[in-house]
Amino acid sequence: MLNEFTAVIEKDGEWYIAHCPEIPGANGQGRTEEDARRDLREAIALILEDRRIDAQGS
């Protein structure tokens with residue numbers, strides 16, 4: 001299943017900060033925009049997996 005989410009990426013000093021408005025708590029950071037995007041993808045995947053596990057336990 002393919003999910004698409006919004007990635008908001010901003011430069012903060014020497015770092016890039018990323019977050020996803022649709023998934024509270026999903027954020028990432030990196031020295032490059034691509035690093036921040038990759039970190040955000042990993043955070044989103046972990047949050048969605050955790051939600052799936054919680055749903056299966058209900």
# chains A, B, ... in the order shown; residues from 1 in each chain; ligands from 1

$ residues_around --residues "Glu33 in chain A" --least-positions-apart "5" --cutoff "9 Å" --atoms "only C-alpha atoms" --output "list in words"
Ile9, Glu10, Lys11, Trp15, Tyr16, Ile17, Ala18 and Arg38 of chain A

$ write_last_selection --atoms "N, CA and C atoms" --output "CSV table (one decimal), in the first residue's frame"
chain,number,residue,atom,x,y,z
A,9,ILE,N,9.4,21.1,5.0
A,9,ILE,CA,10.9,21.1,5.3
A,9,ILE,C,11.3,22.6,5.3
A,10,GLU,N,12.0,22.9,6.4
A,10,GLU,CA,12.5,24.3,6.5
A,10,GLU,C,14.0,24.3,6.9
A,11,LYS,N,14.7,25.2,6.5
A,11,LYS,CA,16.1,25.3,6.9
A,11,LYS,C,16.2,26.1,8.2
A,15,TRP,N,20.9,23.2,9.6
A,15,TRP,CA,20.1,22.0,9.6
A,15,TRP,C,18.8,22.2,8.8
A,16,TYR,N,18.2,21.1,8.3
A,16,TYR,CA,16.9,21.1,7.7
A,16,TYR,C,16.0,20.4,8.7
A,17,ILE,N,14.8,20.9,9.0
A,17,ILE,CA,13.9,20.4,9.9
A,17,ILE,C,12.6,20.0,9.1
A,18,ALA,N,12.1,18.8,9.2
A,18,ALA,CA,10.9,18.3,8.5
A,18,ALA,C,9.8,17.9,9.4
A,38,ARG,N,14.5,11.9,4.4
A,38,ARG,CA,14.6,10.4,4.8
A,38,ARG,C,14.3,10.2,6.2

$ closest_residue --among "A:Cys20, A:Glu49, A:Leu2, A:Gly57" --to "Ala36 in chain A" --atoms "only C-alpha atoms"
A:Cys20

$ residues_around --residues "Ala43 in chain A" --least-positions-apart "4" --cutoff "12 Å" --atoms "only C-alpha atoms" --output "ChimeraX atom specification"
/A:7,18-20,23-29,36-39,47-50

$ select_by_dssp --residues "chain A" --states "helix (DSSP H, G or I)" --output "PyMOL selection string"
chain A and resi 33-57

$ select_by_dssp --residues "chain A" --states "strand (DSSP E or B)" --output "list in words"
Val8, Ile9, Glu10, Lys11, Asp12, Trp15, Tyr16, Ile17, Ala18, His19, Asn27, Gly28, Gln29 and Gly30 of chain A

$ write_last_selection --atoms "C-alpha atoms" --output "mmCIF file, in the first residue's frame"
data_model
loop_
_atom_site.group_PDB
_atom_site.id
_atom_site.type_symbol
_atom_site.label_atom_id
_atom_site.label_comp_id
_atom_site.auth_asym_id
_atom_site.auth_seq_id
_atom_site.Cartn_x
_atom_site.Cartn_y
_atom_site.Cartn_z
ATOM 1 C CA VAL A 8 7.115 20.516 5.333
ATOM 2 C CA ILE A 9 10.863 21.126 5.251
ATOM 3 C CA GLU A 10 12.509 24.299 6.547
ATOM 4 C CA LYS A 11 16.122 25.332 6.872
ATOM 5 C CA ASP A 12 17.124 26.196 10.433
ATOM 6 C CA TRP A 15 20.080 22.013 9.568
ATOM 7 C CA TYR A 16 16.897 21.108 7.745
ATOM 8 C CA ILE A 17 13.856 20.361 9.877
ATOM 9 C CA ALA A 18 10.931 18.345 8.475
ATOM 10 C CA HIS A 19 7.473 17.518 9.788
ATOM 11 C CA ASN A 27 9.387 14.863 12.311
ATOM 12 C CA GLY A 28 12.914 14.583 11.031
ATOM 13 C CA GLN A 29 16.102 16.532 10.681
ATOM 14 C CA GLY A 30 19.306 16.431 8.722
#
